[in-house]
file target01.cif (mmCIF, C-alpha atoms and all ligand atoms)
data_run
loop_
_atom_site.label_atom_id
_atom_site.label_comp_id
_atom_site.auth_asym_id
_atom_site.auth_seq_id
_atom_site.Cartn_x
_atom_site.Cartn_y
_atom_site.Cartn_z
CA MET I 1 195.07 91.33 136.48
CA ASP I 2 197.86 91.74 139.01
CA THR I 3 195.74 93.90 141.24
CA GLU I 4 193.07 91.22 141.54
CA ILE I 5 195.58 88.59 142.46
CA HIS I 6 196.93 90.90 145.08
CA ALA I 7 193.42 91.57 146.36
CA LEU I 8 192.67 87.88 146.63
CA SER I 9 195.80 87.11 148.52
CA THR I 10 195.10 89.73 151.12
CA ILE I 11 191.54 88.57 151.75
CA ILE I 12 192.54 84.98 152.22
CA ASN I 13 195.75 83.20 152.79
CA SER I 14 195.78 81.85 149.31
CA ASN I 15 196.83 78.27 149.76
CA THR I 16 196.59 76.75 146.31
CA LYS I 17 195.63 73.33 147.66
CA THR I 18 192.33 74.49 149.08
CA CYS I 19 189.68 75.95 146.86
CA VAL I 20 189.65 79.72 146.96
CA LEU I 21 186.80 80.73 144.74
CA SER I 22 183.46 78.96 144.21
CA ILE I 23 181.16 80.13 141.44
CA VAL I 24 177.52 79.21 142.01
CA VAL I 25 175.21 79.23 138.97
CA PRO I 26 171.53 78.21 139.19
CA VAL I 27 170.32 76.78 135.89
CA TYR I 28 166.73 76.33 134.83
CA ASN I 29 166.20 75.72 131.12
CA GLU I 30 169.18 77.74 129.91
CA VAL I 31 170.35 75.38 127.19
CA GLY I 32 171.46 78.12 124.79
CA ASN I 33 173.47 80.05 127.35
CA LEU I 34 175.60 77.52 129.17
CA GLU I 35 178.54 77.00 126.85
CA SER I 36 179.25 80.66 126.28
CA LEU I 37 178.87 81.41 129.99
CA HIS I 38 181.30 78.64 130.85
CA GLU I 39 183.84 79.96 128.34
CA GLU I 40 183.57 83.48 129.70
CA LEU I 41 183.94 82.25 133.26
CA VAL I 42 187.02 80.20 132.47
CA ALA I 43 188.61 83.16 130.64
CA VAL I 44 188.24 85.34 133.74
CA LEU I 45 188.96 82.73 136.41
CA SER I 46 192.08 81.30 134.82
CA HIS I 47 193.60 84.78 134.89
CA LEU I 48 192.96 85.16 138.60
CA ASN I 49 195.55 82.49 139.23
CA VAL I 50 193.78 80.90 142.19
CA SER I 51 192.10 77.55 142.57
CA TYR I 52 188.43 77.68 141.77
CA GLU I 53 185.34 75.56 141.16
CA ILE I 54 182.24 76.26 139.12
CA ILE I 55 179.09 74.75 140.61
CA PHE I 56 176.14 74.48 138.25
CA ILE I 57 172.86 73.64 139.94
CA ASP I 58 170.42 72.20 137.45
CA ASP I 59 167.09 73.15 138.94
CA GLY I 60 164.97 70.53 137.16
CA SER I 61 165.60 71.74 133.60
CA THR I 62 163.62 70.00 130.87
CA ASP I 63 165.34 71.43 127.79
CA GLY I 64 168.53 69.40 127.79
CA SER I 65 170.53 71.86 129.93
CA PHE I 66 171.77 69.00 132.09
CA GLU I 67 173.18 67.11 129.11
CA ILE I 68 175.08 70.22 128.00
CA LEU I 69 176.37 70.64 131.56
CA GLN I 70 177.55 67.04 131.56
CA GLN I 71 179.49 67.70 128.36
CA ILE I 72 181.07 70.78 129.91
CA ARG I 73 181.92 68.73 133.00
CA THR I 74 183.78 66.08 130.98
CA LYS I 75 185.99 68.80 129.49
CA ASP I 76 186.57 70.87 132.62
CA THR I 77 187.40 69.30 135.96
CA HIS I 78 186.70 72.57 137.76
CA VAL I 79 183.02 72.01 137.14
CA ILE I 80 180.76 70.47 139.78
CA LEU I 81 177.24 69.50 138.79
CA ILE I 82 174.29 69.30 141.13
CA GLN I 83 171.05 68.06 139.64
CA PHE I 84 167.79 68.66 141.49
CA ARG I 85 165.05 66.04 141.27
CA ARG I 86 162.60 68.68 140.13
CA ASN I 87 162.33 72.45 139.88
CA PHE I 88 162.78 73.83 143.40
CA GLY I 89 163.38 77.47 142.45
CA GLN I 90 166.30 79.85 142.36
CA THR I 91 166.49 80.28 146.13
CA ALA I 92 166.87 76.54 146.65
CA ALA I 93 169.50 76.43 143.92
CA PHE I 94 171.54 79.13 145.67
CA ALA I 95 171.16 77.30 148.96
CA ALA I 96 172.45 74.06 147.43
CA GLY I 97 175.34 75.95 145.85
CA PHE I 98 176.30 77.42 149.22
CA ASP I 99 176.06 74.02 150.88
CA TYR I 100 178.35 72.35 148.37
CA ALA I 101 180.80 75.21 147.86
CA SER I 102 184.23 74.69 149.34
CA GLY I 103 185.77 78.04 148.38
CA GLU I 104 186.72 80.79 150.80
CA LEU I 105 184.83 83.19 148.58
CA ILE I 106 181.56 82.42 146.83
CA VAL I 107 180.29 84.21 143.73
CA THR I 108 176.71 83.83 142.50
CA LEU I 109 175.55 84.74 139.02
CA ASP I 110 172.77 84.08 136.50
CA ALA I 111 173.15 81.38 133.89
CA ASP I 112 171.59 83.48 131.16
CA GLY I 113 174.58 85.70 130.45
CA GLN I 114 173.02 88.83 132.00
CA ASN I 115 175.90 89.14 134.44
CA ASN I 116 179.34 89.67 133.01
CA PRO I 117 181.99 87.41 134.58
CA LYS I 118 184.52 90.18 133.94
CA ASP I 119 182.96 92.00 136.89
CA ILE I 120 184.02 89.26 139.32
CA PRO I 121 187.50 90.78 139.89
CA LEU I 122 185.86 94.14 140.64
CA LEU I 123 183.76 92.53 143.37
CA ILE I 124 186.84 90.94 144.85
CA GLU I 125 188.72 94.23 144.87
CA LYS I 126 185.80 95.92 146.58
CA MET I 127 185.63 93.21 149.23
CA ASP I 128 189.30 93.66 149.86
CA SER I 129 189.33 97.46 150.00
CA GLU I 130 186.22 97.80 152.18
CA ASP I 131 186.74 94.70 154.26
CA CYS I 132 183.15 93.58 153.91
CA ASP I 133 181.42 90.20 153.89
CA LEU I 134 179.06 90.68 150.97
CA VAL I 135 179.50 92.66 147.76
CA LEU I 136 176.45 93.24 145.57
CA GLY I 137 176.42 93.97 141.88
CA TRP I 138 174.58 97.18 141.07
CA ARG I 139 173.33 97.13 137.50
CA MET I 140 174.13 100.45 135.90
CA ASN I 141 172.41 100.05 132.55
CA ARG I 142 169.58 97.64 133.12
CA GLN I 143 168.58 95.97 129.89
CA GLU I 144 165.13 94.86 130.98
CA PRO I 145 161.80 96.37 129.83
CA LEU I 146 160.86 99.75 131.32
CA ILE I 147 157.85 98.45 133.28
CA ARG I 148 160.05 95.95 135.05
CA ARG I 149 162.68 98.54 135.87
CA ILE I 150 160.05 100.86 137.33
CA LEU I 151 158.42 98.11 139.41
CA SER I 152 161.75 96.92 140.65
CA SER I 153 162.89 100.42 141.57
CA ILE I 154 159.69 101.05 143.55
CA ALA I 155 160.01 97.69 145.30
CA ASN I 156 163.62 98.43 146.07
CA ARG I 157 162.83 101.74 147.71
CA ILE I 158 160.00 100.29 149.77
CA ILE I 159 162.22 97.46 150.93
CA SER I 160 165.05 99.84 151.80
CA ARG I 161 162.71 102.06 153.79
CA SER I 162 161.07 99.27 155.70
CA THR I 163 164.16 97.28 156.47
CA ASN I 164 166.62 100.16 156.87
CA VAL I 165 169.08 98.39 154.61
CA TYR I 166 169.86 100.95 151.93
CA VAL I 167 171.17 99.28 148.79
CA HIS I 168 170.36 100.24 145.21
CA ASP I 169 169.86 96.93 143.51
CA ARG I 170 168.65 93.72 145.11
CA GLY I 171 167.85 92.01 141.83
CA CYS I 172 171.36 91.58 140.50
CA SER I 173 172.40 87.97 140.88
CA LEU I 174 176.09 88.81 140.69
CA LYS I 175 177.21 88.80 144.31
CA LEU I 176 180.32 87.91 146.23
CA PHE I 177 180.11 86.30 149.66
CA LYS I 178 182.64 85.32 152.23
CA LYS I 179 182.18 81.63 152.91
CA ASP I 180 181.17 82.05 156.55
CA LEU I 181 178.41 84.42 155.64
CA ALA I 182 176.99 82.33 152.79
CA LYS I 183 176.97 79.26 154.98
CA SER I 184 175.24 80.89 157.91
CA ILE I 185 172.34 82.32 155.89
CA ARG I 186 169.33 80.04 155.78
CA LEU I 187 167.39 80.42 152.56
CA TYR I 188 163.83 79.43 151.70
CA GLY I 189 160.84 80.74 149.74
CA GLN I 190 161.92 83.59 147.47
CA LEU I 191 164.37 84.89 150.04
CA HIS I 192 167.28 85.13 147.62
CA ARG I 193 165.91 88.57 146.83
CA TYR I 194 166.57 89.60 150.40
CA LEU I 195 170.15 88.47 150.77
CA PRO I 196 171.31 91.97 151.80
CA GLU I 197 168.73 91.95 154.59
CA LEU I 198 169.48 88.40 155.67
CA ALA I 199 173.15 89.30 155.71
CA THR I 200 172.67 92.48 157.74
CA MET I 201 170.47 90.55 160.13
CA ILE I 202 173.49 88.55 161.18
CA GLY I 203 175.72 91.60 161.24
CA ALA I 204 177.52 91.29 157.89
CA ARG I 205 179.08 94.31 156.21
CA VAL I 206 177.61 94.95 152.77
CA ALA I 207 179.00 96.97 149.84
CA GLU I 208 177.97 97.59 146.24
CA VAL I 209 179.88 97.70 142.98
CA PRO I 210 178.56 99.13 139.70
CA THR I 211 178.33 96.36 137.14
CA ILE I 212 177.42 96.03 133.51
CA ASP I 213 174.05 94.50 132.72
CA ARG I 214 173.60 92.61 129.49
CA LYS I 215 170.61 91.23 127.67
CA ARG I 216 169.69 87.61 128.37
CA ARG I 217 171.43 85.68 125.61
CA SER I 218 168.71 83.21 124.76
CA GLY I 219 165.59 81.72 126.32
CA LYS I 220 163.02 83.53 128.43
CA SER I 221 163.01 85.05 131.91
CA LYS I 222 161.54 82.65 134.45
CA TYR I 223 159.56 85.35 136.21
CA GLY I 224 156.84 87.67 134.86
CA SER I 225 157.11 91.36 135.80
CA ILE I 226 153.70 91.50 137.40
CA SER I 227 153.29 87.96 138.64
CA ARG I 228 156.30 88.20 140.93
CA THR I 229 155.00 91.31 142.71
CA PRO I 230 152.62 89.66 145.23
CA ARG I 231 155.23 87.08 146.15
CA VAL I 232 157.80 89.79 146.68
CA VAL I 233 155.39 91.76 148.87
CA LEU I 234 154.57 88.73 151.02
CA ASP I 235 158.23 87.92 151.43
CA LEU I 236 158.88 91.54 152.36
CA MET I 237 156.40 91.23 155.20
CA THR I 238 158.07 88.06 156.40
CA ILE I 239 161.49 89.67 156.21
CA PHE I 240 160.29 92.77 158.00
CA PHE I 241 158.85 90.64 160.79
CA PHE I 242 161.98 88.55 161.03
CA LEU I 243 164.31 91.52 160.94
CA ILE I 244 162.60 93.18 163.87
CA TYR I 245 160.60 90.72 165.89
CA SER I 246 162.01 87.30 165.25
CA THR I 247 163.47 86.93 168.69
CA SER I 248 160.67 88.64 170.63
CA PRO I 249 157.24 88.30 169.00
CA MET I 250 155.63 89.37 172.27
CA ARG I 251 156.92 92.89 171.66
CA LEU I 252 154.85 93.15 168.50
CA PHE I 253 151.75 91.18 169.45
CA GLY I 254 151.82 92.17 173.10
CA GLY I 255 152.06 95.82 172.06
CA VAL I 256 148.98 95.56 169.85
CA ALA I 257 147.22 93.64 172.65
CA LEU I 258 147.95 96.38 175.18
CA VAL I 259 146.66 99.13 172.90
CA GLY I 260 143.51 97.10 172.11
CA PHE I 261 142.89 96.25 175.74
CA PHE I 262 143.35 99.82 176.89
CA THR I 263 141.12 101.37 174.20
CA GLY I 264 138.47 98.65 174.60
CA SER I 265 138.40 99.03 178.38
CA VAL I 266 138.13 102.80 178.22
CA ILE I 267 135.24 102.61 175.74
CA SER I 268 133.20 99.92 177.49
CA GLY I 269 134.16 101.16 180.96
CA GLY I 270 133.00 104.66 180.00
CA LEU I 271 129.65 103.32 178.87
CA VAL I 272 129.18 101.32 182.08
CA LEU I 273 130.02 104.40 184.12
CA ALA I 274 127.51 106.40 182.08
CA LYS I 275 124.84 103.81 182.89
CA ILE I 276 125.64 103.92 186.60
CA TYR I 277 125.70 107.71 186.54
CA ASN I 278 122.26 107.70 184.94
CA GLY I 279 121.07 105.36 187.69
CA ILE I 280 122.35 107.68 190.41
CA ILE I 281 120.65 110.69 188.84
CA ASN I 282 117.36 109.07 187.80
CA GLY I 283 117.08 106.12 190.16
CA TRP I 284 116.43 102.48 189.24
CA ILE I 285 114.27 103.36 186.21
CA GLY I 286 116.99 105.60 184.84
CA PHE I 287 119.56 102.88 185.32
CA HIS I 288 117.33 100.36 183.65
CA THR I 289 116.34 102.47 180.65
CA TYR I 290 119.86 103.65 179.85
CA GLU I 291 120.68 101.01 177.23
CA ILE I 292 124.28 100.31 176.40
CA GLY I 293 124.07 96.72 175.14
CA ASN I 294 122.85 97.70 171.68
CA ARG I 295 125.30 100.58 171.15
CA PRO I 296 127.88 100.11 168.37
CA LEU I 297 130.46 101.73 170.61
CA PHE I 298 129.89 99.10 173.28
CA LEU I 299 130.32 96.34 170.69
CA LEU I 300 133.55 98.00 169.56
CA GLY I 301 134.80 98.10 173.15
CA ILE I 302 134.04 94.42 173.74
CA PHE I 303 135.52 93.54 170.36
CA LEU I 304 138.78 95.35 171.14
CA VAL I 305 139.15 93.65 174.50
CA MET I 306 138.55 90.24 172.96
CA LEU I 307 140.95 91.01 170.15
CA SER I 308 143.60 92.02 172.65
CA VAL I 309 143.29 88.64 174.34
CA GLN I 310 143.81 87.00 170.96
CA PHE I 311 146.88 89.09 170.23
CA PHE I 312 148.27 88.40 173.66
CA MET I 313 147.86 84.67 173.09
CA MET I 314 149.49 85.00 169.66
CA GLY I 315 152.43 86.73 171.28
CA LEU I 316 152.75 83.93 173.82
CA ILE I 317 152.52 81.24 171.17
CA GLY I 318 155.02 83.17 169.08
CA GLU I 319 157.43 83.26 172.00
CA MET I 320 157.05 79.51 172.42
CA ILE I 321 157.67 78.91 168.73
CA VAL I 322 160.75 81.13 168.82
CA ARG I 323 162.11 79.05 171.69
CA VAL I 324 161.45 75.82 169.85
CA TYR I 325 163.03 77.31 166.73
CA TYR I 326 166.25 78.36 168.37
CA GLU I 327 166.60 75.46 170.74
CA ALA I 328 165.55 72.54 168.54
CA GLY I 329 167.58 73.66 165.54
CA ASN I 330 170.52 74.68 167.71
CA LYS I 331 170.41 78.01 165.95
CA PRO I 332 172.70 80.70 167.28
CA ILE I 333 171.19 83.93 168.52
CA TYR I 334 174.48 85.67 167.73
CA HIS I 335 177.07 85.55 164.97
CA VAL I 336 180.74 86.07 165.74
CA ARG I 337 182.95 87.93 163.26
CA GLN I 338 186.15 86.77 164.90
CA VAL I 339 187.62 85.65 168.18
CA ILE I 340 191.03 87.01 169.16
CA LYS I 341 192.87 85.12 171.87
N1 LIG I 401 166.43 79.89 137.85
C1 LIG I 401 166.44 78.70 138.54
N2 LIG I 401 165.25 78.17 138.95
C2 LIG I 401 164.05 78.79 138.72
C3 LIG I 401 164.07 80.02 138.06
C4 LIG I 401 165.26 80.56 137.63
O1 LIG I 401 167.49 78.12 138.77
O2 LIG I 401 163.02 78.25 139.12
C5 LIG I 401 167.70 80.47 137.39
C6 LIG I 401 167.73 80.84 135.94
O3 LIG I 401 168.16 79.75 135.14
C7 LIG I 401 168.73 81.96 135.91
C8 LIG I 401 168.51 82.64 137.25
O4 LIG I 401 167.87 81.68 138.08
O5 LIG I 401 170.06 81.49 135.88
C9 LIG I 401 167.67 83.88 137.14
O6 LIG I 401 166.49 83.63 136.42
P1 LIG I 401 165.97 84.61 135.29
O7 LIG I 401 167.12 85.03 134.44
O8 LIG I 401 164.84 83.96 134.60
O9 LIG I 401 165.45 85.81 136.16
P2 LIG I 401 165.58 87.36 135.82
O10 LIG I 401 167.02 87.61 135.47
O11 LIG I 401 164.67 87.57 134.67
O12 LIG I 401 165.15 88.04 137.08
MG MG I 402 168.29 86.63 134.23
#
call {"tool": "encode", "arguments": {"input": "target01.cif", "output": "structure tokens"}}
result
Amino acid sequence: MDTEIHALSTIINSNTKTCVLSIVVPVYNEVGNLESLHEELVAVLSHLNVSYEIIFIDDGSTDGSFEILQQIRTKDTHVILIQFRRNFGQTAAFAAGFDYASGELIVTLDADGQNNPKDIPLLIEKMDSEDCDLVLGWRMNRQEPLIRRILSSIANRIISRSTNVYVHDRGCSLKLFKKDLAKSIRLYGQLHRYLPELATMIGARVAEVPTIDRKRRSGKSKYGSISRTPRVVLDLMTIFFFLIYSTSPMRLFGGVALVGFFTGSVISGGLVLAKIYNGIINGWIGFHTYEIGNRPLFLLGIFLVMLSVQFFMMGLIGEMIVRVYYEAGNKPIYHVRQVIK
């Protein structure tokens, strides 16, 4: 374990009075898994020889998980318990964990025993050797059903392609964050699946470490393989939009508006010219009998021009919303890694 201790002390100036490591564990009906997970965590963390805290977020469990957590808490003062009023979802649980964590480094993992706490030192070593802000677990031997592995691998590739953030495994909860990063990521919806993207968006360095995947110890997965797909797709679209156009929606909507306006004008303008041309050749009768109002092409032209106005307005409204978003919330449009004076 000496190497890990060394790694920790180089990442942070390990002052034993302040908390160094925060472990964040979302819990939703995991009654059969909590005690063994806690034991495993303590076995690993006590060897690291740094101050630590274990934050369990009870996300509205109804199976007595909270009572078990309270028992664990009375025996171990490292444990911090956060109880939600109802089930708010895993993303919210992570967000609460980040808000309450006081460690310099923050580790997230599942409560069901799928992640092995023994991998935590490996993440820390990786963070130290590559000087990055986020280390992701990359499950080598996924224990889940084949259909789920296939779906998740397809989703992963699509997400990598569309966001240009190439990581192998977004679904592994075992992750290590530097405090600054975890605290500057705003989470909502199902966005915990997109932490690598959210992190890269603010310029964080991301690395991966192969980890061991285990079977869920007891209880059931909270997500179906198929039922999560539409949600993931919708979130992907949001993320894609945010990654590229969040600060300048006009570039997306205005672009579409310009293309629509140009094509629409060419089509309807062409038809009008044809009518005039017919008038010049065949006189007033020719002009009059050359019908363009009932031509599908003319309708398409008008439709495109009107659509372009809509898109243009959407771009403008988007720009206004972006301004409200950044100014009202005092949100930074940049993220500083460090300032050297
Ligand atoms: N979880 C949670 N709130 C929820 C759903 C899940 O806090 O609404 C927790 C759950 O207890 C577990 C982790 O999030 O610790 C991951 O959930 P699960 O193991 O069911 O997901 P899977 O590993 O199957 O993707
Ligand atoms: Mg799990």
call {"tool": "closest_atom_pairs", "arguments": {"input": "target01.cif", "of": "chain I", "to": "ligand LIG 401 (chain I)", "cutoff": "10 Å", "atoms": "all atoms listed in the file", "output": "JSON lines"}}
result
{"residue": "I:Val24", "atom": "CA", "partner": "I:LIG401", "partner_atom": "O5", "distance": 9.9}
{"residue": "I:Val25", "atom": "CA", "partner": "I:LIG401", "partner_atom": "O5", "distance": 6.4}
{"residue": "I:Pro26", "atom": "CA", "partner": "I:LIG401", "partner_atom": "O1", "distance": 4.1}
{"residue": "I:Val27", "atom": "CA", "partner": "I:LIG401", "partner_atom": "O3", "distance": 3.7}
{"residue": "I:Tyr28", "atom": "CA", "partner": "I:LIG401", "partner_atom": "O3", "distance": 3.7}
{"residue": "I:Asn29", "atom": "CA", "partner": "I:LIG401", "partner_atom": "O3", "distance": 6.0}
{"residue": "I:Glu30", "atom": "CA", "partner": "I:LIG401", "partner_atom": "O3", "distance": 5.7}
{"residue": "I:Val31", "atom": "CA", "partner": "I:LIG401", "partner_atom": "O3", "distance": 9.3}
{"residue": "I:Asn33", "atom": "CA", "partner": "I:LIG401", "partner_atom": "O5", "distance": 9.3}
{"residue": "I:Leu34", "atom": "CA", "partner": "I:LIG401", "partner_atom": "O5", "distance": 9.6}
{"residue": "I:Phe56", "atom": "CA", "partner": "I:LIG401", "partner_atom": "O1", "distance": 9.4}
{"residue": "I:Ile57", "atom": "CA", "partner": "I:LIG401", "partner_atom": "O1", "distance": 7.1}
{"residue": "I:Asp58", "atom": "CA", "partner": "I:LIG401", "partner_atom": "O1", "distance": 6.7}
{"residue": "I:Asp59", "atom": "CA", "partner": "I:LIG401", "partner_atom": "O1", "distance": 5.0}
{"residue": "I:Gly60", "atom": "CA", "partner": "I:LIG401", "partner_atom": "N2", "distance": 7.9}
{"residue": "I:Ser61", "atom": "CA", "partner": "I:LIG401", "partner_atom": "N2", "distance": 8.4}
{"residue": "I:Ser65", "atom": "CA", "partner": "I:LIG401", "partner_atom": "O3", "distance": 9.7}
{"residue": "I:Phe84", "atom": "CA", "partner": "I:LIG401", "partner_atom": "O1", "distance": 9.8}
{"residue": "I:Arg86", "atom": "CA", "partner": "I:LIG401", "partner_atom": "O2", "distance": 9.6}
{"residue": "I:Asn87", "atom": "CA", "partner": "I:LIG401", "partner_atom": "O2", "distance": 5.9}
{"residue": "I:Phe88", "atom": "CA", "partner": "I:LIG401", "partner_atom": "O2", "distance": 6.2}
{"residue": "I:Gly89", "atom": "CA", "partner": "I:LIG401", "partner_atom": "O2", "distance": 3.4}
{"residue": "I:Gln90", "atom": "CA", "partner": "I:LIG401", "partner_atom": "N2", "distance": 3.9}
{"residue": "I:Thr91", "atom": "CA", "partner": "I:LIG401", "partner_atom": "N2", "distance": 7.6}
{"residue": "I:Ala92", "atom": "CA", "partner": "I:LIG401", "partner_atom": "N2", "distance": 8.0}
{"residue": "I:Ala93", "atom": "CA", "partner": "I:LIG401", "partner_atom": "O1", "distance": 5.8}
{"residue": "I:Phe94", "atom": "CA", "partner": "I:LIG401", "partner_atom": "O1", "distance": 8.1}
{"residue": "I:Thr108", "atom": "CA", "partner": "I:LIG401", "partner_atom": "O5", "distance": 9.7}
{"residue": "I:Leu109", "atom": "CA", "partner": "I:LIG401", "partner_atom": "O5", "distance": 7.1}
{"residue": "I:Asp110", "atom": "CA", "partner": "I:LIG401", "partner_atom": "O5", "distance": 3.8}
{"residue": "I:Ala111", "atom": "CA", "partner": "I:LIG401", "partner_atom": "O5", "distance": 3.7}
{"residue": "I:Asp112", "atom": "CA", "partner": "I:LIG401", "partner_atom": "O5", "distance": 5.3}
{"residue": "I:Gly113", "atom": "CA", "partner": "I:LIG401", "partner_atom": "O5", "distance": 8.2}
{"residue": "I:Gln114", "atom": "CA", "partner": "I:LIG401", "partner_atom": "O10", "distance": 7.0}
{"residue": "I:Asn115", "atom": "CA", "partner": "I:LIG401", "partner_atom": "O10", "distance": 9.1}
{"residue": "I:Glu144", "atom": "CA", "partner": "I:LIG401", "partner_atom": "O11", "distance": 8.2}
{"residue": "I:Arg148", "atom": "CA", "partner": "I:LIG401", "partner_atom": "O11", "distance": 9.6}
{"residue": "I:Gly171", "atom": "CA", "partner": "I:LIG401", "partner_atom": "O12", "distance": 6.8}
{"residue": "I:Cys172", "atom": "CA", "partner": "I:LIG401", "partner_atom": "O10", "distance": 7.7}
{"residue": "I:Ser173", "atom": "CA", "partner": "I:LIG401", "partner_atom": "C9", "distance": 7.3}
{"residue": "I:Gln190", "atom": "CA", "partner": "I:LIG401", "partner_atom": "O2", "distance": 10.0}
{"residue": "I:Arg193", "atom": "CA", "partner": "I:LIG401", "partner_atom": "O12", "distance": 9.8}
{"residue": "I:Lys215", "atom": "CA", "partner": "I:LIG401", "partner_atom": "O10", "distance": 9.3}
{"residue": "I:Arg216", "atom": "CA", "partner": "I:LIG401", "partner_atom": "O7", "distance": 7.1}
{"residue": "I:Arg217", "atom": "CA", "partner": "I:LIG401", "partner_atom": "O7", "distance": 9.8}
{"residue": "I:Ser218", "atom": "CA", "partner": "I:LIG401", "partner_atom": "O7", "distance": 10.0}
{"residue": "I:Gly219", "atom": "CA", "partner": "I:LIG401", "partner_atom": "O8", "distance": 8.6}
{"residue": "I:Lys220", "atom": "CA", "partner": "I:LIG401", "partner_atom": "O8", "distance": 6.4}
{"residue": "I:Ser221", "atom": "CA", "partner": "I:LIG401", "partner_atom": "O8", "distance": 3.4}
{"residue": "I:Lys222", "atom": "CA", "partner": "I:LIG401", "partner_atom": "O8", "distance": 3.6}
{"residue": "I:Tyr223", "atom": "CA", "partner": "I:LIG401", "partner_atom": "O8", "distance": 5.7}
{"residue": "I:Gly224", "atom": "CA", "partner": "I:LIG401", "partner_atom": "O11", "distance": 7.8}
{"residue": "I:Ser225", "atom": "CA", "partner": "I:LIG401", "partner_atom": "O11", "distance": 8.5}
{"residue": "I:Arg228", "atom": "CA", "partner": "I:LIG401", "partner_atom": "O12", "distance": 9.7}
call {"tool": "closest_residue", "arguments": {"input": "target01.cif", "among": "I:Ile72, I:Ala155, I:Leu174, I:Leu45", "to": "ligand MG 402 (chain I)", "atoms": "only C-alpha atoms and all ligand atoms"}}
result
I:Leu174
call {"tool": "closest_residue", "arguments": {"input": "target01.cif", "among": "I:Ala43, I:Asn116, I:Ile281, I:Phe253", "to": "ligand MG 402 (chain I)", "atoms": "only C-alpha atoms and all ligand atoms"}}
result
I:Asn116
call {"tool": "closest_residue", "arguments": {"input": "target01.cif", "among": "I:Lys183, I:Lys341, I:Arg142, I:Arg157", "to": "ligand MG 402 (chain I)", "atoms": "only C-alpha atoms and all ligand atoms"}}
result
I:Arg142
call {"tool": "residues_around", "arguments": {"input": "target01.cif", "residues": "region 299-301 of chain I", "least_positions_apart": "5", "cutoff": "7 Å", "atoms": "all atoms listed in the file", "output": "PyMOL selection string"}}
result
chain I and resi 264-265+267-268
call {"tool": "atom_distance", "arguments": {"input": "target01.cif", "atom1": "CA of His192 (chain I)", "atom2": "CA of Asp235 (chain I)"}}
result
10.2 Å
call {"tool": "atom_distance", "arguments": {"input": "target01.cif", "atom1": "CA of Phe242 (chain I)", "atom2": "CA of Arg139 (chain I)"}}
result
27.5 Å
call {"tool": "atom_distance", "arguments": {"input": "target01.cif", "atom1": "CA of Ser129 (chain I)", "atom2": "CA of Lys178 (chain I)"}}
result
14.0 Å
call {"tool": "residues_around", "arguments": {"input": "target01.cif", "residues": "Ala257 (chain I)", "least_positions_apart": "5", "cutoff": "10 Å", "atoms": "only C-alpha atoms", "output": "PDB file with C-alpha atoms, in the frame of the given file"}}
result
ATOM      1  CA  MET I 250     155.630  89.370 172.270  1.00  0.00           C
ATOM      2  CA  ARG I 251     156.920  92.890 171.660  1.00  0.00           C
ATOM      3  CA  LEU I 252     154.850  93.150 168.500  1.00  0.00           C
ATOM      4  CA  PHE I 262     143.350  99.820 176.890  1.00  0.00           C
ATOM      5  CA  THR I 263     141.120 101.370 174.200  1.00  0.00           C
ATOM      6  CA  LEU I 304     138.780  95.350 171.140  1.00  0.00           C
ATOM      7  CA  VAL I 305     139.150  93.650 174.500  1.00  0.00           C
ATOM      8  CA  MET I 306     138.550  90.240 172.960  1.00  0.00           C
ATOM      9  CA  LEU I 307     140.950  91.010 170.150  1.00  0.00           C
ATOM     10  CA  SER I 308     143.600  92.020 172.650  1.00  0.00           C
ATOM     11  CA  VAL I 309     143.290  88.640 174.340  1.00  0.00           C
ATOM     12  CA  GLN I 310     143.810  87.000 170.960  1.00  0.00           C
ATOM     13  CA  PHE I 311     146.880  89.090 170.230  1.00  0.00           C
ATOM     14  CA  PHE I 312     148.270  88.400 173.660  1.00  0.00           C
ATOM     15  CA  MET I 313     147.860  84.670 173.090  1.00  0.00           C
ATOM     16  CA  MET I 314     149.490  85.000 169.660  1.00  0.00           C
ATOM     17  CA  GLY I 315     152.430  86.730 171.280  1.00  0.00           C
TER      18      GLY I 315
END
call {"tool": "closest_residue", "arguments": {"input": "target01.cif", "among": "I:Leu236, I:Phe287, I:Phe241, I:Asp213", "to": "ligand MG 402 (chain I)", "atoms": "all atoms listed in the file"}}
result
I:Asp213
call {"tool": "residues_around", "arguments": {"input": "target01.cif", "residues": "Asn156 (chain I)", "least_positions_apart": "5", "cutoff": "12 Å", "atoms": "only C-alpha atoms", "output": "list in words"}}
result
Arg148, Arg149, Ile150, Leu151, Arg161, Ser162, Thr163, Asn164, Val165, Tyr166, Val167, His168, Asp169, Arg170, Gly171, Cys172, Arg193, Tyr194, Pro196, Glu197, Thr229, Val232, Val233 and Leu236 of chain I
call {"tool": "write_last_selection", "arguments": {"input": "target01.cif", "atoms": "C-alpha atoms", "output": "tab-separated table (two decimals), in the coordinates of the input"}}
result
chain	number	residue	atom	x	y	z
I	148	ARG	CA	160.05	95.95	135.05
I	149	ARG	CA	162.68	98.54	135.87
I	150	ILE	CA	160.05	100.86	137.33
I	151	LEU	CA	158.42	98.11	139.41
I	161	ARG	CA	162.71	102.06	153.79
I	162	SER	CA	161.07	99.27	155.70
I	163	THR	CA	164.16	97.28	156.47
I	164	ASN	CA	166.62	100.16	156.87
I	165	VAL	CA	169.08	98.39	154.61
I	166	TYR	CA	169.86	100.95	151.93
I	167	VAL	CA	171.17	99.28	148.79
I	168	HIS	CA	170.36	100.24	145.21
I	169	ASP	CA	169.86	96.93	143.51
I	170	ARG	CA	168.65	93.72	145.11
I	171	GLY	CA	167.85	92.01	141.83
I	172	CYS	CA	171.36	91.58	140.50
I	193	ARG	CA	165.91	88.57	146.83
I	194	TYR	CA	166.57	89.60	150.40
I	196	PRO	CA	171.31	91.97	151.80
I	197	GLU	CA	168.73	91.95	154.59
I	229	THR	CA	155.00	91.31	142.71
I	232	VAL	CA	157.80	89.79	146.68
I	233	VAL	CA	155.39	91.76	148.87
I	236	LEU	CA	158.88	91.54	152.36
